[in-house]
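In what follows, a single structure is set out as C-alpha coordinates and then discussed.
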Amino acid sequence: MGSTSRPDRPAGGRFEELREAARTASVPAWVASILLAAEALVLLALGVLQVLRGFGSDIDDVGRAETGGVLAIVGAAGVALLAAGVLRRGASYRSPTLLVQILCLPVAWGLLQAGDYGYGIPLLVAPLVIVVALLAAGGFGPSASDTGGPATRAGQDEHEGADRGDGRVPRGPRRP
(Lines give C-alpha, C1' and ligand atoms only; values in the text may rest on other atoms or scores of the structure.)
Protein backbone atom coordinates (compact mmCIF):
# COMPACT_ATOMS: atom_id res chain seq x y z
CA MET A 1 0.00 0.00 0.00
CA GLY A 2 1.12 3.52 -0.68
CA SER A 3 0.80 6.77 1.12
CA THR A 4 -2.53 7.71 2.68
CA SER A 5 -2.23 11.36 1.69
CA ARG A 6 -4.52 12.70 -0.99
CA PRO A 7 -2.92 14.46 -3.96
CA ASP A 8 -5.51 17.25 -3.98
CA ARG A 9 -4.81 18.24 -0.37
CA PRO A 10 -1.53 19.64 1.01
CA ALA A 11 0.51 17.42 3.33
CA GLY A 12 -0.50 19.44 6.41
CA GLY A 13 -4.22 18.95 5.75
CA ARG A 14 -6.67 21.48 7.10
CA PHE A 15 -4.09 23.26 9.24
CA GLU A 16 -1.97 23.92 6.16
CA GLU A 17 -5.06 25.30 4.39
CA LEU A 18 -5.70 27.53 7.40
CA ARG A 19 -2.09 28.77 7.38
CA GLU A 20 -2.37 29.59 3.69
CA ALA A 21 -5.66 31.41 4.32
CA ALA A 22 -3.98 33.38 7.11
CA ARG A 23 -1.23 34.46 4.73
CA THR A 24 -3.65 35.68 2.08
CA ALA A 25 -6.45 37.11 4.27
CA SER A 26 -7.23 40.80 4.29
CA VAL A 27 -6.72 42.87 7.44
CA PRO A 28 -10.47 43.09 8.24
CA ALA A 29 -10.81 39.31 7.88
CA TRP A 30 -7.82 38.91 10.21
CA VAL A 31 -9.39 41.24 12.78
CA ALA A 32 -12.72 39.42 12.66
CA SER A 33 -11.16 35.97 12.94
CA ILE A 34 -8.82 36.98 15.78
CA LEU A 35 -11.71 38.48 17.76
CA LEU A 36 -13.78 35.36 17.10
CA ALA A 37 -10.88 33.20 18.29
CA ALA A 38 -10.62 35.35 21.43
CA GLU A 39 -14.37 34.89 22.00
CA ALA A 40 -13.92 31.14 21.62
CA LEU A 41 -11.06 31.07 24.15
CA VAL A 42 -13.01 33.12 26.70
CA LEU A 43 -16.08 30.94 26.22
CA LEU A 44 -13.95 27.80 26.62
CA ALA A 45 -12.36 29.15 29.81
CA LEU A 46 -15.76 30.09 31.25
CA GLY A 47 -17.16 26.66 30.34
CA VAL A 48 -14.29 24.83 32.01
CA LEU A 49 -14.61 27.09 35.06
CA GLN A 50 -18.34 26.35 35.24
CA VAL A 51 -17.75 22.60 35.00
CA LEU A 52 -15.09 22.75 37.73
CA ARG A 53 -17.31 24.94 39.88
CA GLY A 54 -20.03 22.31 39.57
CA PHE A 55 -17.90 19.97 41.67
CA GLY A 56 -17.83 22.45 44.55
CA SER A 57 -20.00 22.29 47.63
CA ASP A 58 -21.50 25.77 47.24
CA ILE A 59 -23.55 24.93 44.13
CA ASP A 60 -27.30 24.35 44.62
CA ASP A 61 -27.97 22.60 41.30
CA VAL A 62 -24.95 20.59 40.16
CA GLY A 63 -26.66 19.28 37.02
CA ARG A 64 -27.49 22.78 35.86
CA ALA A 65 -23.93 24.00 36.46
CA GLU A 66 -22.42 21.04 34.61
CA THR A 67 -24.84 21.38 31.70
CA GLY A 68 -24.13 25.08 31.39
CA GLY A 69 -20.39 24.44 31.39
CA VAL A 70 -20.63 21.72 28.74
CA LEU A 71 -22.84 23.93 26.55
CA ALA A 72 -20.30 26.75 26.87
CA ILE A 73 -17.50 24.39 25.79
CA VAL A 74 -19.53 23.21 22.78
CA GLY A 75 -20.30 26.85 21.95
CA ALA A 76 -16.59 27.66 22.15
CA ALA A 77 -15.88 24.93 19.61
CA GLY A 78 -18.55 26.39 17.31
CA VAL A 79 -17.17 29.92 17.58
CA ALA A 80 -13.65 28.59 16.91
CA LEU A 81 -14.99 26.92 13.76
CA LEU A 82 -16.51 30.25 12.73
CA ALA A 83 -13.16 31.97 13.29
CA ALA A 84 -11.43 29.51 10.96
CA GLY A 85 -14.19 29.85 8.38
CA VAL A 86 -14.04 33.64 8.42
CA LEU A 87 -10.28 33.51 7.99
CA ARG A 88 -10.73 31.26 4.93
CA ARG A 89 -13.55 33.57 3.76
CA GLY A 90 -15.97 30.69 3.39
CA ALA A 91 -19.41 31.79 2.27
CA SER A 92 -21.21 29.37 4.58
CA TYR A 93 -19.66 30.98 7.68
CA ARG A 94 -21.02 34.49 7.12
CA SER A 95 -24.59 34.11 8.36
CA PRO A 96 -23.81 32.07 11.49
CA THR A 97 -21.07 34.52 12.44
CA LEU A 98 -23.41 37.46 12.04
CA LEU A 99 -26.15 35.67 13.99
CA VAL A 100 -23.85 34.85 16.92
CA GLN A 101 -22.64 38.45 17.08
CA ILE A 102 -26.18 39.84 16.97
CA LEU A 103 -27.20 37.49 19.80
CA CYS A 104 -24.37 38.89 21.94
CA LEU A 105 -25.74 42.43 21.76
CA PRO A 106 -28.87 42.02 23.96
CA VAL A 107 -26.82 40.10 26.53
CA ALA A 108 -24.29 42.92 26.58
CA TRP A 109 -27.05 45.50 26.90
CA GLY A 110 -28.54 43.63 29.87
CA LEU A 111 -25.15 43.46 31.55
CA LEU A 112 -24.63 47.19 31.03
CA GLN A 113 -28.06 47.99 32.48
CA ALA A 114 -27.23 45.82 35.51
CA GLY A 115 -24.03 47.79 36.06
CA ASP A 116 -21.64 44.98 35.06
CA TYR A 117 -19.51 47.21 32.85
CA GLY A 118 -16.47 44.91 32.99
CA TYR A 119 -18.45 42.20 31.20
CA GLY A 120 -20.90 44.32 29.23
CA ILE A 121 -18.52 46.67 27.43
CA PRO A 122 -16.29 43.95 25.91
CA LEU A 123 -19.38 41.94 25.00
CA LEU A 124 -20.79 44.99 23.23
CA VAL A 125 -17.61 46.21 21.52
CA ALA A 126 -16.27 42.88 20.19
CA PRO A 127 -19.40 41.90 18.21
CA LEU A 128 -19.71 45.39 16.75
CA VAL A 129 -16.06 45.35 15.64
CA ILE A 130 -16.49 41.87 14.15
CA VAL A 131 -19.56 42.91 12.15
CA VAL A 132 -17.81 46.07 10.88
CA ALA A 133 -14.71 44.02 9.99
CA LEU A 134 -16.83 41.51 8.07
CA LEU A 135 -18.47 44.36 6.17
CA ALA A 136 -15.08 45.92 5.43
CA ALA A 137 -13.73 42.57 4.24
CA GLY A 138 -16.60 42.21 1.82
CA GLY A 139 -17.87 39.39 3.99
CA PHE A 140 -21.48 39.59 2.87
CA GLY A 141 -21.08 39.38 -0.88
CA PRO A 142 -20.22 36.27 -2.89
CA SER A 143 -16.61 35.21 -2.61
CA ALA A 144 -14.54 34.22 -5.63
CA SER A 145 -15.16 30.54 -4.90
CA ASP A 146 -18.95 31.08 -4.85
CA THR A 147 -19.08 32.36 -8.39
CA GLY A 148 -18.53 30.03 -11.28
CA GLY A 149 -15.98 32.32 -12.86
CA PRO A 150 -15.52 35.98 -13.67
CA ALA A 151 -18.51 38.14 -12.94
CA THR A 152 -20.71 39.15 -15.83
CA ARG A 153 -21.89 42.66 -16.39
CA ALA A 154 -25.43 43.43 -15.32
CA GLY A 155 -27.98 42.83 -18.03
CA GLN A 156 -25.85 40.40 -20.02
CA ASP A 157 -26.76 36.79 -20.59
CA GLU A 158 -24.05 34.32 -19.58
CA HIS A 159 -24.65 31.99 -22.53
CA GLU A 160 -22.41 32.13 -25.57
CA GLY A 161 -23.84 33.97 -28.51
CA ALA A 162 -26.64 35.52 -26.49
CA ASP A 163 -25.65 39.03 -27.49
CA ARG A 164 -27.23 39.88 -30.84
CA GLY A 165 -24.94 42.79 -31.44
CA ASP A 166 -27.76 45.34 -31.23
CA GLY A 167 -27.36 45.92 -27.47
CA ARG A 168 -30.52 44.03 -26.58
CA VAL A 169 -30.48 40.95 -24.40
CA PRO A 170 -32.83 38.22 -25.61
CA ARG A 171 -35.59 37.18 -23.19
CA GLY A 172 -37.15 33.73 -23.13
CA PRO A 173 -36.19 30.78 -25.32
CA ARG A 174 -33.99 31.30 -28.35
CA ARG A 175 -35.63 31.25 -31.73
CA PRO A 176 -33.78 30.43 -34.94
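Residue names in the C-alpha coordinates use chain letters A, B, ... in the order shown, residue numbers from 1 in each chain, and ligand numbers from 1 in the order shown.
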
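The neighbours of Val27 in chain A here are the residues that come within 10 Å of it, using only C-alpha atoms and leaving out any residue fewer than 4 positions away in the same chain; they are A:Ala22, A:Val31, A:Ala32, A:Ser33, A:Ala133, A:Ala136, A:Ala137.
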
Can you pull out the residues contacting Gly47 in chain A? Cut-off 7 Å, using only C-alpha atoms, and skip same-chain residues under 6 positions away; I want them as a list in words.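 Everything that qualifies: Gly69, Val70, Ala72 and Ile73 of chain A.
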
Go ahead and write the selection's residues with N, CA and C atoms as an mmCIF file, in the first residue's frame.
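Wrote it out as out-v1.cif, contents follow:
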data_model
loop_
_atom_site.group_PDB
_atom_site.id
_atom_site.type_symbol
_atom_site.label_atom_id
_atom_site.label_comp_id
_atom_site.auth_asym_id
_atom_site.auth_seq_id
_atom_site.Cartn_x
_atom_site.Cartn_y
_atom_site.Cartn_z
ATOM 1 N N GLY A 69 -21.811 24.485 31.742
ATOM 2 C CA GLY A 69 -20.393 24.435 31.390
ATOM 3 C C GLY A 69 -20.140 23.665 30.104
ATOM 4 N N VAL A 70 -20.807 22.519 29.960
ATOM 5 C CA VAL A 70 -20.630 21.719 28.741
ATOM 6 C C VAL A 70 -21.162 22.474 27.527
ATOM 7 N N ALA A 72 -21.264 25.682 27.157
ATOM 8 C CA ALA A 72 -20.297 26.751 26.870
ATOM 9 C C ALA A 72 -19.089 26.196 26.123
ATOM 10 N N ILE A 73 -18.640 25.009 26.484
ATOM 11 C CA ILE A 73 -17.498 24.388 25.789
ATOM 12 C C ILE A 73 -17.874 24.042 24.355
#

Within 8 Å of range 34-39 of chain A, counting only C-alpha atoms, which residues qualify if same-chain residues fewer than 6 places away don't, as number ranges by chain? A: 76, 79-80, 82-83, 126, 130

Contacts of range 92-105 of chain A at 7 Å (only C-alpha atoms; same-chain gap of 2+ positions) as a PyMOL selection string: chain A and resi 82+85-86+90+107-109+123-124+127+131+139-140

Can you tell me how far CA of Gln50 in chain A sits from CA of Ala65 in chain A, in Å to one decimal?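 That distance, rounded to one decimal, is 6.2 Å.
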
Any idea what the distance is between CA of Gly110 in chain A and CA of Gly68 in chain A? 19.1 Å

Report as a PyMOL selection string all protein, DNA and RNA residues lying within 10 Å of Gly138 in chain A, evaluated on only C-alpha atoms, omitting residues in the same chain fewer than 5 positions from it. chain A and resi 26+28-29+89+132-133+143

Could you please determine the separation between CA of Val129 in chain A and CA of Ala91 in chain A in Å, to one decimal place?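 CA of Ala91 in chain A lies 19.3 Å from CA of Val129 in chain A.
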
Using only C-alpha atoms, determine which residues lie at most 10 Å from Leu71 in chain A, disregarding the query and same-chain residues fewer than 4 positions distant; provide the list as JSON, numbers by chain. {"A": [43, 44, 47, 51, 65, 66, 67, 75, 76, 77]}

Got time to write the residues from that selection, N, CA and C atoms, as a tab-separated table (two decimals), in the first residue's frame?
chain	number	residue	atom	x	y	z
A	43	LEU	N	-14.95	31.83	26.01
A	43	LEU	CA	-16.08	30.94	26.22
A	43	LEU	C	-15.62	29.56	26.71
A	44	LEU	N	-14.52	29.07	26.16
A	44	LEU	CA	-13.95	27.80	26.62
A	44	LEU	C	-13.51	27.89	28.08
A	47	GLY	N	-16.52	27.98	30.29
A	47	GLY	CA	-17.16	26.66	30.34
A	47	GLY	C	-16.41	25.71	31.26
A	51	VAL	N	-17.76	24.04	34.73
A	51	VAL	CA	-17.75	22.60	35.00
A	51	VAL	C	-17.00	22.32	36.31
A	65	ALA	N	-25.27	23.41	36.61
A	65	ALA	CA	-23.93	24.00	36.46
A	65	ALA	C	-23.11	23.21	35.45
A	66	GLU	N	-23.18	21.88	35.54
A	66	GLU	CA	-22.42	21.04	34.61
A	66	GLU	C	-22.94	21.19	33.18
A	67	THR	N	-24.25	21.22	33.03
A	67	THR	CA	-24.84	21.38	31.70
A	67	THR	C	-24.46	22.72	31.10
A	75	GLY	N	-20.20	25.55	22.61
A	75	GLY	CA	-20.30	26.85	21.95
A	75	GLY	C	-18.94	27.41	21.58
A	76	ALA	N	-17.95	27.20	22.44
A	76	ALA	CA	-16.59	27.66	22.15
A	76	ALA	C	-16.04	26.95	20.91
A	77	ALA	N	-16.32	25.66	20.80
A	77	ALA	CA	-15.88	24.93	19.61
A	77	ALA	C	-16.56	25.47	18.35
